[in-house]
file start.cif (mmCIF, C-alpha atoms and all ligand atoms)
data_upload
loop_
_atom_site.label_atom_id
_atom_site.label_comp_id
_atom_site.auth_asym_id
_atom_site.auth_seq_id
_atom_site.Cartn_x
_atom_site.Cartn_y
_atom_site.Cartn_z
CA MET V 192 112.94 95.18 105.14
CA LYS V 193 112.98 98.55 106.96
CA PRO V 194 115.67 100.92 105.60
CA LEU V 195 118.57 101.40 108.00
CA ILE V 196 118.60 104.73 109.75
CA SER V 197 121.48 107.13 109.28
CA TYR V 198 123.93 108.14 111.96
CA GLN V 199 122.39 111.61 111.93
CA GLN V 200 118.96 110.12 112.65
CA THR V 201 120.34 108.10 115.53
CA LEU V 202 121.81 111.32 116.97
CA GLU V 203 118.41 112.96 116.77
CA ILE V 204 116.91 110.07 118.72
CA LEU V 205 119.72 110.18 121.26
CA THR V 206 119.16 113.92 121.67
CA LYS V 207 115.46 113.44 122.45
CA VAL V 208 116.14 110.62 124.87
CA ALA V 209 118.90 112.59 126.62
CA HIS V 210 116.45 115.44 127.07
CA ASN V 211 114.15 113.11 129.04
CA HIS V 212 117.00 111.55 131.03
CA LYS V 213 119.01 114.51 132.26
CA TRP V 214 121.64 113.36 134.71
CA ASP V 215 121.98 115.81 137.56
CA LYS V 216 122.62 113.67 140.61
CA GLN V 217 125.29 115.26 142.73
CA GLN V 218 127.73 114.16 145.37
CA THR V 219 130.36 115.87 147.46
CA VAL V 220 133.91 114.58 147.21
CA ALA V 221 137.27 115.57 148.62
CA LEU V 222 139.05 117.80 146.10
CA PRO V 223 141.71 115.27 144.96
CA LEU V 224 138.94 112.79 144.09
CA ALA V 225 137.23 115.29 141.79
CA LEU V 226 139.75 114.72 138.99
CA ASN V 227 138.01 113.97 135.66
CA HIS V 228 134.55 114.41 137.19
CA MET V 229 132.22 117.27 136.41
CA SER V 230 131.55 120.18 138.72
CA ALA V 231 127.87 120.31 139.63
CA VAL V 232 127.75 123.98 140.61
CA PRO V 233 129.92 127.04 140.04
CA VAL V 234 132.63 127.52 142.64
CA LYS V 235 133.57 131.05 143.69
CA ALA V 236 136.50 132.27 145.72
CA THR V 237 135.58 133.10 149.30
CA ILE V 238 138.99 134.59 150.01
CA GLN V 239 141.38 136.89 148.20
CA VAL V 240 144.49 135.35 146.70
CA PRO V 241 147.02 136.49 147.62
CA SER V 242 145.23 137.31 150.82
CA PHE V 243 147.95 139.85 151.77
CA ASP V 244 150.46 141.91 149.80
CA ASN V 245 153.61 139.83 149.55
CA SER V 246 157.03 139.90 148.01
CA ALA V 247 157.67 138.44 144.57
CA MET V 248 161.45 138.36 145.20
CA ASP V 249 164.08 137.71 147.79
CA GLY V 250 165.37 141.21 148.53
CA PHE V 251 164.66 144.31 150.56
CA ALA V 252 161.38 145.99 151.38
CA VAL V 253 161.59 149.77 151.28
CA VAL V 254 159.59 152.95 150.92
CA ALA V 255 160.18 153.84 147.26
CA GLU V 256 160.23 157.56 147.89
CA ASP V 257 162.93 157.25 150.63
CA VAL V 258 165.26 155.47 148.26
CA ASN V 259 164.54 157.77 145.34
CA GLN V 260 165.10 160.97 147.36
CA LEU V 261 168.43 159.74 148.73
CA ILE V 262 169.57 158.71 145.26
CA GLN V 263 168.65 162.14 143.96
CA GLN V 264 170.60 163.83 146.75
CA HIS V 265 173.62 161.51 147.06
CA GLY V 266 173.72 159.30 143.96
CA THR V 267 173.05 156.21 146.12
CA ALA V 268 170.74 155.37 149.02
CA LYS V 269 172.21 153.64 152.06
CA LEU V 270 169.59 152.36 154.49
CA GLN V 271 169.80 150.54 157.75
CA ILE V 272 168.37 147.02 157.77
CA THR V 273 165.96 147.12 160.68
CA GLY V 274 164.11 143.83 160.30
CA ARG V 275 163.70 140.56 158.49
CA ILE V 276 160.56 138.75 157.39
CA GLN V 277 160.10 135.41 155.73
CA ALA V 278 157.27 133.46 154.09
CA GLY V 279 154.88 132.22 156.77
CA ASP V 280 155.44 135.17 159.12
CA SER V 281 152.35 137.09 160.18
CA ASP V 282 151.09 139.74 157.82
CA GLU V 283 150.07 141.90 160.77
CA VAL V 284 153.44 143.68 160.90
CA ARG V 285 154.06 147.33 160.38
CA ILE V 286 157.31 149.30 160.40
CA GLU V 287 157.73 151.04 163.64
CA ASN V 288 159.42 154.37 162.98
CA SER V 289 159.18 156.68 160.04
CA GLU V 290 162.91 156.89 159.34
CA ALA V 291 164.17 155.65 156.02
CA GLN V 292 164.95 151.94 156.51
CA ALA V 293 164.85 148.56 154.79
CA TRP V 294 163.77 145.08 155.80
CA GLU V 295 165.25 141.92 154.42
CA ILE V 296 162.33 140.07 152.83
CA MET V 297 161.91 136.62 151.27
CA THR V 298 159.69 135.58 148.37
CA GLY V 299 156.13 135.06 149.59
CA ALA V 300 156.67 136.97 152.85
CA PRO V 301 154.07 139.63 153.74
CA VAL V 302 155.26 143.13 152.92
CA PRO V 303 155.24 144.92 156.28
CA GLN V 304 152.69 147.73 156.30
CA GLY V 305 154.43 151.01 155.59
CA PHE V 306 156.71 149.68 152.86
CA ASP V 307 155.66 149.99 149.26
CA ALA V 308 158.35 148.35 147.11
CA VAL V 309 160.77 145.43 147.10
CA VAL V 310 164.23 145.57 145.53
CA PRO V 311 165.74 142.20 144.64
CA VAL V 312 168.84 141.12 146.46
CA GLU V 313 170.75 140.96 143.16
CA ALA V 314 170.31 144.73 142.70
CA VAL V 315 171.81 145.94 146.01
CA HIS V 316 175.03 145.90 148.01
CA THR V 317 174.91 144.89 151.63
CA GLU V 318 177.49 145.60 154.28
CA GLY V 319 176.78 144.63 157.87
CA ASP V 320 173.42 146.15 158.84
CA TYR V 321 173.30 148.42 155.82
CA VAL V 322 172.05 148.02 152.29
CA THR V 323 172.84 150.37 149.39
CA PHE V 324 170.62 151.03 146.41
CA GLU V 325 171.88 152.59 143.21
CA LYS V 326 168.78 152.64 141.05
CA ALA V 327 165.46 154.44 141.43
CA VAL V 328 162.65 152.27 142.78
CA LYS V 329 159.11 152.12 141.42
CA LEU V 330 156.09 152.20 143.67
CA ASN V 331 154.75 148.65 144.24
CA GLN V 332 157.56 147.01 142.34
CA ASN V 333 157.90 143.29 143.10
CA ILE V 334 154.85 143.33 145.35
CA ARG V 335 152.07 140.83 144.63
CA LYS V 336 149.01 142.75 145.68
CA ALA V 337 146.17 141.08 147.61
CA GLY V 338 143.40 139.84 145.31
CA THR V 339 145.39 139.97 142.08
CA ASP V 340 145.02 136.20 141.54
CA TYR V 341 141.47 135.74 142.90
CA ASP V 342 139.23 138.39 144.37
CA PHE V 343 136.27 137.74 146.67
CA GLY V 344 133.47 136.07 144.71
CA GLN V 345 135.53 135.51 141.57
CA ALA V 346 134.59 132.35 139.62
CA VAL V 347 137.10 129.52 140.00
CA VAL V 348 135.24 126.86 137.98
CA GLY V 349 131.83 127.03 136.36
CA ALA V 350 129.14 124.36 136.54
CA ASN V 351 129.60 121.39 134.18
CA GLN V 352 133.35 121.82 134.07
CA VAL V 353 135.35 118.63 133.74
CA ILE V 354 137.79 119.02 136.60
CA GLN V 355 141.35 118.68 135.42
CA ALA V 356 144.62 119.08 137.28
CA GLN V 357 144.79 122.82 136.55
CA HIS V 358 141.36 123.32 138.11
CA ILE V 359 142.44 121.36 141.17
CA MET V 360 145.35 123.78 141.53
CA ALA V 361 143.06 126.83 141.41
CA LEU V 362 140.48 125.27 143.73
CA ALA V 363 143.20 124.33 146.22
CA THR V 364 144.60 127.87 146.02
CA VAL V 365 141.30 129.37 147.19
CA GLY V 366 141.04 126.77 149.96
CA VAL V 367 138.38 124.43 148.56
CA LYS V 368 138.60 121.08 150.37
CA ASN V 369 135.41 119.41 149.13
CA ILE V 370 133.54 119.96 145.91
CA ASP V 371 130.09 119.06 144.55
CA ILE V 372 130.41 116.95 141.44
CA LYS V 373 127.92 115.25 139.20
CA GLN V 374 127.78 111.62 140.20
CA PRO V 375 129.35 109.30 137.65
CA VAL V 376 126.56 107.52 135.77
CA PRO V 377 126.06 104.00 137.16
CA VAL V 378 126.40 101.47 134.40
CA ALA V 379 126.01 97.69 134.14
CA LEU V 380 128.37 96.03 131.69
CA PHE V 381 127.67 92.60 130.22
CA SER V 382 129.49 90.60 127.61
CA THR V 383 127.70 87.77 125.91
CA GLY V 384 129.01 84.74 124.06
CA ASN V 385 129.66 81.05 124.68
CA GLU V 386 133.08 81.59 123.14
CA LEU V 387 134.29 83.87 125.92
CA SER V 388 136.89 82.24 128.11
CA ASP V 389 136.61 82.48 131.84
CA ASP V 390 139.80 84.51 132.09
CA THR V 391 139.72 84.66 135.84
CA ALA V 392 140.71 80.99 136.05
CA THR V 393 143.61 80.83 133.61
CA ALA V 394 145.21 82.68 130.73
CA ASP V 395 145.15 79.49 128.61
CA LEU V 396 142.40 79.14 126.08
CA ALA V 397 140.26 76.02 125.81
CA ALA V 398 139.39 74.84 122.30
CA GLY V 399 137.13 77.32 120.50
CA LYS V 400 137.35 79.96 123.19
CA ILE V 401 138.64 83.54 122.95
CA HIS V 402 139.75 86.08 125.50
CA ASN V 403 137.20 88.70 126.39
CA SER V 404 138.45 91.98 124.87
CA ASN V 405 135.33 94.03 125.30
CA GLN V 406 134.75 93.85 129.01
CA PRO V 407 138.14 95.24 130.13
CA TYR V 408 138.14 97.75 127.27
CA LEU V 409 134.70 99.10 128.04
CA ARG V 410 135.34 99.17 131.76
CA ALA V 411 138.39 101.35 131.04
CA TYR V 412 136.67 103.51 128.45
CA LEU V 413 133.58 104.02 130.59
CA SER V 414 135.71 105.27 133.44
CA GLN V 415 137.26 107.79 131.02
CA ILE V 416 133.79 109.17 130.27
CA ASP V 417 132.79 109.50 133.90
CA CYS V 418 130.69 106.36 134.26
CA ASP V 419 130.84 104.02 137.20
CA VAL V 420 130.56 100.35 136.28
CA THR V 421 128.69 99.17 139.35
CA PHE V 422 127.75 95.76 138.00
CA GLU V 423 129.51 93.60 135.44
CA ALA V 424 129.11 90.04 134.29
CA ASN V 425 129.73 87.63 131.45
CA CYS V 426 126.82 85.74 130.06
CA GLN V 427 126.58 82.64 127.92
CA ASP V 428 124.33 82.80 124.87
CA ASP V 429 121.53 81.80 127.12
CA GLU V 430 118.31 83.74 127.34
CA ALA V 431 117.49 82.76 130.90
CA ALA V 432 120.96 83.75 132.13
CA PHE V 433 120.66 87.06 130.34
CA GLU V 434 117.24 87.75 131.85
CA LEU V 435 118.67 87.08 135.28
CA LEU V 436 121.33 89.73 134.64
CA LEU V 437 118.67 92.22 133.59
CA ASN V 438 116.83 91.57 136.86
CA GLN V 439 120.02 92.08 138.85
CA ALA V 440 120.82 95.31 136.97
CA ALA V 441 117.35 96.60 137.86
CA GLU V 442 117.94 95.82 141.55
CA LYS V 443 121.23 97.70 141.43
CA GLN V 444 119.49 100.71 139.92
CA VAL V 445 121.94 101.32 137.12
CA LYS V 446 121.05 104.08 134.68
CA ILE V 447 122.49 102.46 131.58
CA ILE V 448 123.11 98.84 130.63
CA VAL V 449 125.82 98.23 128.06
CA SER V 450 126.17 94.79 126.57
CA THR V 451 128.31 93.40 123.79
CA GLY V 452 127.34 90.71 121.32
CA ALA V 453 124.07 89.01 120.47
CA VAL V 454 122.45 91.91 118.62
CA SER V 455 123.06 90.79 115.02
CA MET V 456 121.12 88.42 112.80
CA GLY V 457 122.54 85.12 114.03
CA ARG V 458 120.52 82.33 115.63
CA TYR V 459 121.92 83.21 119.06
CA ASP V 460 121.44 86.95 118.83
CA PHE V 461 118.70 86.97 121.41
CA ILE V 462 118.97 90.46 122.93
CA PRO V 463 116.45 92.33 120.75
CA SER V 464 113.70 89.76 121.28
CA ILE V 465 114.22 89.58 125.05
CA LEU V 466 114.14 93.35 125.37
CA LYS V 467 110.91 93.47 123.37
CA LYS V 468 109.44 90.69 125.49
CA ARG V 469 110.16 92.76 128.59
CA GLY V 470 108.34 95.76 127.18
CA ALA V 471 111.34 97.82 126.15
CA THR V 472 111.06 100.56 123.57
CA ILE V 473 113.59 99.86 120.85
CA HIS V 474 114.71 103.36 119.84
CA PHE V 475 116.85 102.01 117.03
CA HIS V 476 118.38 98.76 115.96
CA LYS V 477 120.92 98.78 113.14
CA ALA V 478 122.30 101.97 111.67
CA LYS V 479 124.18 102.91 108.52
CA VAL V 480 127.57 102.90 110.19
CA ARG V 481 130.71 100.84 109.92
CA PRO V 482 131.83 99.13 111.98
CA GLY V 483 128.96 98.36 114.29
CA LYS V 484 125.91 98.29 112.03
CA PRO V 485 123.87 96.03 114.39
CA ILE V 486 123.94 98.56 117.24
CA LEU V 487 120.81 98.64 119.35
CA PHE V 488 119.52 101.39 121.61
CA ALA V 489 116.49 100.82 123.79
CA GLU V 490 114.74 101.93 126.94
CA LEU V 491 113.37 99.50 129.49
CA PRO V 492 109.99 100.17 131.10
CA ASP V 493 111.70 101.29 134.34
CA GLY V 494 113.61 104.02 132.45
CA THR V 495 116.93 102.19 132.25
CA LEU V 496 118.66 102.90 128.95
CA TYR V 497 120.13 99.99 127.02
CA PHE V 498 123.00 99.93 124.55
CA GLY V 499 123.43 96.63 122.77
CA LEU V 500 126.85 96.96 121.18
CA PRO V 501 127.95 94.39 118.62
CA GLY V 502 130.49 91.83 119.78
CA ASN V 503 133.36 92.62 117.46
CA PRO V 504 135.75 94.65 119.61
CA ILE V 505 136.11 97.63 117.30
CA ALA V 506 132.36 97.72 116.70
CA ALA V 507 131.86 97.75 120.48
CA ALA V 508 134.43 100.54 120.79
CA SER V 509 132.95 102.70 118.02
CA GLY V 510 129.47 102.13 119.47
CA ALA V 511 130.66 103.43 122.82
CA ARG V 512 132.53 106.35 121.23
CA PHE V 513 129.95 107.52 118.71
CA PHE V 514 126.60 106.62 120.31
CA LEU V 515 126.96 106.18 124.04
CA THR V 516 129.38 109.11 124.47
CA PRO V 517 127.21 111.78 122.80
CA LEU V 518 124.19 110.51 124.73
CA LEU V 519 126.03 110.83 128.05
CA ARG V 520 127.37 114.27 127.18
CA MET V 521 123.87 115.46 126.36
CA MET V 522 122.44 113.89 129.52
CA LYS V 523 125.00 115.88 131.52
CA ASN V 524 124.54 119.15 129.58
CA MET V 525 128.08 119.05 128.29
CA PRO V 526 128.82 120.91 125.06
CA HIS V 527 129.00 118.99 121.80
CA GLU V 528 132.48 117.89 120.94
CA PRO V 529 134.12 120.25 118.47
CA THR V 530 134.77 119.00 114.95
CA ILE V 531 138.48 118.94 114.35
CA LEU V 532 139.59 118.55 110.75
CA ALA V 533 142.76 116.88 109.55
CA LYS V 534 144.10 116.19 106.08
CA THR V 535 144.05 112.54 105.16
CA LEU V 536 147.50 111.30 104.16
CA CYS V 537 146.18 108.47 101.99
CA ASP V 538 143.49 107.75 99.41
CA ILE V 539 140.57 105.94 100.99
CA ASP V 540 137.89 103.71 99.47
CA LYS V 541 134.78 102.98 101.47
CA LYS V 542 131.26 101.68 101.19
CA GLN V 543 128.97 104.46 100.07
CA GLY V 544 126.03 105.28 102.32
CA PHE V 545 127.73 104.29 105.56
CA ARG V 546 129.34 106.64 108.01
CA THR V 547 132.61 104.92 108.70
CA PHE V 548 134.70 105.17 111.83
CA ALA V 549 138.32 104.37 111.02
CA LYS V 550 141.26 103.66 113.26
CA ALA V 551 143.83 106.35 112.52
CA GLN V 552 146.91 108.11 113.66
CA LEU V 553 146.90 111.86 114.00
CA SER V 554 150.19 113.68 113.50
CA LEU V 555 151.53 117.10 112.62
CA SER V 556 152.98 118.05 109.27
CA LYS V 557 156.31 119.93 109.10
CA THR V 558 154.32 123.18 109.12
CA GLY V 559 152.26 122.13 112.12
CA GLN V 560 149.06 121.12 110.31
CA LEU V 561 146.97 118.24 111.61
CA GLN V 562 147.13 115.21 109.38
CA ALA V 563 145.64 111.75 109.76
CA ASN V 564 146.79 108.40 108.53
CA MET V 565 144.16 105.67 108.29
CA LEU V 566 145.86 102.55 109.55
CA THR V 567 145.93 99.22 107.77
CA GLY V 568 143.88 96.52 109.47
CA GLN V 569 140.47 98.16 109.59
CA GLY V 570 138.62 94.89 110.29
CA SER V 571 136.26 95.22 113.24
CA PHE V 572 137.93 92.20 114.84
CA GLN V 573 141.42 93.73 114.51
CA THR V 574 142.66 95.21 117.74
CA HIS V 575 146.35 95.68 116.83
CA SER V 576 145.55 98.71 114.65
CA PHE V 577 143.31 100.07 117.39
CA ALA V 578 146.26 99.88 119.78
CA GLU V 579 148.35 101.83 117.23
CA SER V 580 145.70 104.48 116.73
CA ASN V 581 145.42 107.76 118.59
CA CYS V 582 142.20 109.01 117.03
CA TRP V 583 139.10 108.05 115.10
CA LEU V 584 138.78 109.26 111.53
CA VAL V 585 135.21 109.87 110.43
CA LEU V 586 134.47 109.09 106.78
CA PRO V 587 131.24 110.70 105.57
CA GLU V 588 128.31 108.62 104.26
CA GLU V 589 128.19 110.06 100.77
CA ALA V 590 131.84 109.42 99.95
CA GLU V 591 133.03 106.34 98.12
CA HIS V 592 136.54 107.57 97.32
CA ILE V 593 138.40 110.09 99.40
CA ALA V 594 141.58 111.52 97.94
CA ALA V 595 144.71 112.16 99.95
CA GLY V 596 144.74 115.82 100.99
CA GLU V 597 141.01 116.04 101.68
CA TYR V 598 139.93 117.19 105.12
CA LEU V 599 138.13 114.74 107.39
CA ALA V 600 136.78 114.96 110.92
CA VAL V 601 138.86 113.38 113.65
CA LEU V 602 137.82 112.56 117.18
CA PRO V 603 140.25 111.94 120.01
CA MET V 604 140.18 108.58 121.77
CA ILE V 605 139.29 110.31 125.03
CA PRO V 606 136.33 112.64 124.48
CA GLY V 607 137.18 116.24 125.19
CA SER V 608 140.92 115.64 125.29
CA LEU V 609 141.50 117.76 122.17
CA SER V 610 138.91 120.33 123.07
CA VAL V 611 139.44 123.96 122.25
CA SER V 612 137.32 126.93 123.21
P1 LIG U 701 128.32 88.79 118.04
O1 LIG U 701 128.05 90.26 117.92
O2 LIG U 701 127.88 88.19 119.32
O3 LIG U 701 127.78 88.07 116.84
O4 LIG U 701 129.88 88.63 117.98
C1 LIG U 701 130.60 89.10 116.85
C2 LIG U 701 132.05 88.72 116.95
O5 LIG U 701 132.63 89.36 118.07
C3 LIG U 701 132.29 87.25 117.15
O6 LIG U 701 133.44 86.87 116.40
C4 LIG U 701 132.56 87.12 118.62
O7 LIG U 701 133.35 86.01 118.95
C5 LIG U 701 133.29 88.41 118.90
N1 LIG U 701 133.10 88.82 120.29
C6 LIG U 701 131.92 88.89 120.93
N2 LIG U 701 132.09 89.28 122.20
C7 LIG U 701 133.41 89.48 122.35
C8 LIG U 701 134.21 89.91 123.43
N3 LIG U 701 133.67 90.21 124.62
N4 LIG U 701 135.55 90.02 123.23
C9 LIG U 701 136.08 89.72 122.05
N5 LIG U 701 135.37 89.34 120.98
C10 LIG U 701 134.06 89.19 121.13
MG MG U 702 127.69 86.33 120.10
#
call {"tool": "encode", "arguments": {"input": "start.cif", "output": "structure tokens", "more": "lines below"}}
Ligand code: AMP
Ligand code: MG
result
Amino acid sequence: MKPLISYQQTLEILTKVAHNHKWDKQQTVALPLALNHMSAVPVKATIQVPSFDNSAMDGFAVVAEDVNQLIQQHGTAKLQITGRIQAGDSDEVRIENSEAQAWEIMTGAPVPQGFDAVVPVEAVHTEGDYVTFEKAVKLNQNIRKAGTDYDFGQAVVGANQVIQAQHIMALATVGVKNIDIKQPVPVALFSTGNELSDDTATADLAAGKIHNSNQPYLRAYLSQIDCDVTFEANCQDDEAAFELLLNQAAEKQVKIIVSTGAVSMGRYDFIPSILKKRGATIHFHKAKVRPGKPILFAELPDGTLYFGLPGNPIAAASGARFFLTPLLRMMKNMPHEPTILAKTLCDIDKKQGFRTFAKAQLSLSKTGQLQANMLTGQGSFQTHSFAESNCWLVLPEEAEHIAAGEYLAVLPMIPGSLSVS
């Protein structure tokens, strides 16, 4: 029997394949729809923000020197209030005469040309049309100068940036209405197994049937990693039905097919043989990982990539997290995910030689250190512990016993969600 390949070797294969399958299709979307997608090109500011000098406070616009001279001469400066300006008023205003004067001004209002400082309303006394200042005023105080947020041509987001809410704020600020994003990768999603209940009809289970956990999970997870499930279906353990789905996926021009089940050693695990029959290159089948050893990765003659994830729900999930996700990130030129280390809170025993992906809970110690607790219920069929988990704990191949206090790599459930620069 061929020796199983290591996780590291599978990554090397995935890296080569990603290199030949770079994903750079673009589309233009309205800014609010760009959330969680990747920018395709750098976006630069075409305006200045603020685009005019404006007031940072509610108060009075003045010429600093006028106020300061009067204070020097008289101890206070009493100025006539000759105008008022609020946010939204035109910035094409200038003070009309050169006499010392003040304008009432609101936060965000343009500072009329000629004035060079704003004194907050809390710092003055007003009486009728007059305002009195007691303290010296600094040039430009409380004025937000044009271009001090964004200047012309300043980068707002780079290429390959996952657009998050904070980027949407900045893009909106500079007036971007539409943005070029990388198209989500079109994916077909199949689950196989005679045991899968047709959940669309009823929530009750017929004898011997189970609810389909993988399909809804993977649909949700795939959307979190910027894939678009454009075709999904359930399939009995039936070769002809499966071949029909492959034909349909080809018509729909998906880039990746993800299936669950039917890749192990059982009598009805027909996927590897059908793929071979159709001329696919099997890049790897079975790896030294737990859960999910039977994982299969192949390429069909038309260039469609194929992930055959095992049927056990946690094996399907770890396959998507640790194989499909790095492939997609590399296809889209995203950076590798950083390795985050956390102290394990418990002793761990594991099978030597297998990289093991454990359901775990990440928390902070009293001193703010990351710590991880491997949850009980690590069976690949056990979903309750997956629901309790907030991270994956990666147990290295060589280890058989890991003592509490040792550092282990953790990966967030949503790739990139714990990223640091
Ligand atoms: P398989 O990989 O097809 O041998 O399936 C392995 C185990 O996963 C079996 O116990 C299946 O019943 C279970 N399984 C397969 N597909 C699903 C699914 N979509 N949802 C939940 N469990 C599944
Ligand atoms: Mg099966």
call {"tool": "residues_near_ligand", "arguments": {"input": "start.cif", "ligand": "ligand LIG 701 (chain U)", "cutoff": "6 Å", "atoms": "only C-alpha atoms and all ligand atoms", "output": "list in words"}}
result
Ser382, Thr383, Gly384, Asn403, Ser404, Asn405, Gln406, Thr451, Gly452, Ala453, Val454, Ser455, Pro501, Gly502, Asn503 and Pro504 of chain V
call {"tool": "residues_around", "arguments": {"input": "start.cif", "residues": "Thr516 in chain V", "least_positions_apart": "4", "cutoff": "8 Å", "atoms": "all atoms listed in the file", "output": "JSON, numbers by chain"}}
result
{"V": [416, 511, 512, 520, 606]}
call {"tool": "atom_distance", "arguments": {"input": "start.cif", "atom1": "CA of Met522 in chain V", "atom2": "CA of Cys418 in chain V"}}
result
12.1 Å
call {"tool": "residues_around", "arguments": {"input": "start.cif", "residues": "Asp282 in chain V", "least_positions_apart": "6", "cutoff": "9 Å", "atoms": "only C-alpha atoms", "output": "list in words"}}
result
Phe243, Asp244, Asn245, Ala300, Pro301, Val302, Pro303 and Gln304 of chain V
call {"tool": "axis_aligned_box", "arguments": {"input": "start.cif", "around": "range 229-233 of chain V", "padding_each_side": "8 Å", "output": "JSON"}}
result
{"center_x": 130.0, "center_y": 122.2, "center_z": 138.5, "size_x": 20.5, "size_y": 25.8, "size_z": 20.2}
call {"tool": "closest_residue", "arguments": {"input": "start.cif", "among": "V:Glu430, V:Asp417, V:Asp460, V:Glu318", "to": "ligand MG 702 (chain U)", "atoms": "all atoms listed in the file"}}
result
V:Asp460
call {"tool": "atom_distance", "arguments": {"input": "start.cif", "atom1": "CA of Ala563 in chain V", "atom2": "CA of Ala508 in chain V"}}
result
19.3 Å
call {"tool": "atom_distance", "arguments": {"input": "start.cif", "atom1": "CA of Val601 in chain V", "atom2": "CA of Met565 in chain V"}}
result
10.8 Å
call {"tool": "residues_around", "arguments": {"input": "start.cif", "residues": "Thr364 in chain V", "least_positions_apart": "6", "cutoff": "12 Å", "atoms": "only C-alpha atoms", "output": "list in words"}}
result
Leu222, Lys235, Ala236, Thr237, Ile238, Gln239, Val240, Pro241, Ser242, Asp340, Tyr341, Asp342, Val347, Gln357 and His358 of chain V
call {"tool": "write_last_selection", "arguments": {"input": "start.cif", "atoms": "C-alpha atoms", "output": "compact mmCIF listing (two decimals), in the frame of the given file"}}
result
# COMPACT_ATOMS: atom_id res chain seq x y z
CA LEU V 222 139.05 117.80 146.10
CA LYS V 235 133.57 131.05 143.69
CA ALA V 236 136.50 132.27 145.72
CA THR V 237 135.58 133.10 149.30
CA ILE V 238 138.99 134.59 150.01
CA GLN V 239 141.38 136.89 148.20
CA VAL V 240 144.49 135.35 146.70
CA PRO V 241 147.02 136.49 147.62
CA SER V 242 145.23 137.31 150.82
CA ASP V 340 145.02 136.20 141.54
CA TYR V 341 141.47 135.74 142.90
CA ASP V 342 139.23 138.39 144.37
CA VAL V 347 137.10 129.52 140.00
CA GLN V 357 144.79 122.82 136.55
CA HIS V 358 141.36 123.32 138.11
call {"tool": "closest_residue", "arguments": {"input": "start.cif", "among": "V:Phe461, V:Tyr321, V:Trp583, V:Phe475", "to": "Leu195 in chain V", "atoms": "only C-alpha atoms"}}
result
V:Phe475
call {"tool": "closest_residue", "arguments": {"input": "start.cif", "among": "V:Ile286, V:Ile465, V:Leu602, V:Ile531", "to": "Ile272 in chain V", "atoms": "only C-alpha atoms"}}
result
V:Ile286
call {"tool": "closest_residue", "arguments": {"input": "start.cif", "among": "V:Glu597, V:Asp307, V:Asp280, V:Glu386", "to": "ligand MG 702 (chain U)", "atoms": "only C-alpha atoms and all ligand atoms"}}
result
V:Glu386
call {"tool": "residues_around", "arguments": {"input": "start.cif", "residues": "Ile448 in chain V", "least_positions_apart": "6", "cutoff": "8 Å", "atoms": "only C-alpha atoms", "output": "ChimeraX atom specification"}}
result
/V:378-381,440,495-498
call {"tool": "residues_near_point", "arguments": {"input": "start.cif", "point": "(127.3, 116.9, 132.8)", "cutoff": "12 Å", "atoms": "all atoms listed in the file", "output": "ChimeraX atom specification"}}
result
/V:209,212-217,227-232,349-354,372-376,416-418,516-527
call {"tool": "closest_residue", "arguments": {"input": "start.cif", "among": "V:Gly494, V:Gly570, V:Pro587, V:Gly457", "to": "ligand MG 702 (chain U)", "atoms": "only C-alpha atoms and all ligand atoms"}}
result
V:Gly457
call {"tool": "residues_around", "arguments": {"input": "start.cif", "residues": "Lys534 in chain V", "least_positions_apart": "3", "cutoff": "7 Å", "atoms": "all atoms listed in the file", "output": "list in words"}}
result
Leu561, Gln562, Ala563, Gly596, Glu597, Tyr598 and Leu599 of chain V
call {"tool": "closest_residue", "arguments": {"input": "start.cif", "among": "V:Thr567, V:Gln345, V:Thr535, V:Gln427", "to": "ligand MG 702 (chain U)", "atoms": "only C-alpha atoms and all ligand atoms"}}
result
V:Gln427
call {"tool": "build_atoms", "arguments": {"input": "start.cif", "residues": "range 383-388 of chain V", "atoms": "N, CA, C and O atoms", "output": "short mmCIF file (atom, residue, chain, number, x, y, z; two decimals), in the coordinates of the input"}}
result
data_model
loop_
_atom_site.label_atom_id
_atom_site.label_comp_id
_atom_site.auth_asym_id
_atom_site.auth_seq_id
_atom_site.Cartn_x
_atom_site.Cartn_y
_atom_site.Cartn_z
N THR V 383 128.40 89.02 126.20
CA THR V 383 127.70 87.77 125.91
C THR V 383 128.53 86.94 124.95
O THR V 383 129.29 87.47 124.16
N GLY V 384 128.38 85.64 125.03
CA GLY V 384 129.01 84.74 124.06
C GLY V 384 129.55 83.48 124.73
O GLY V 384 130.31 83.57 125.69
N ASN V 385 129.14 82.34 124.18
CA ASN V 385 129.66 81.05 124.68
C ASN V 385 131.15 80.93 124.48
O ASN V 385 131.83 80.16 125.14
N GLU V 386 131.66 81.71 123.49
CA GLU V 386 133.08 81.59 123.14
C GLU V 386 134.00 82.30 124.13
O GLU V 386 135.21 82.13 124.09
N LEU V 387 133.43 83.09 125.03
CA LEU V 387 134.29 83.87 125.92
C LEU V 387 134.88 82.98 127.01
O LEU V 387 134.17 82.25 127.70
N SER V 388 136.19 83.06 127.12
CA SER V 388 136.89 82.24 128.11
C SER V 388 136.70 82.84 129.50
O SER V 388 136.59 84.07 129.64
#
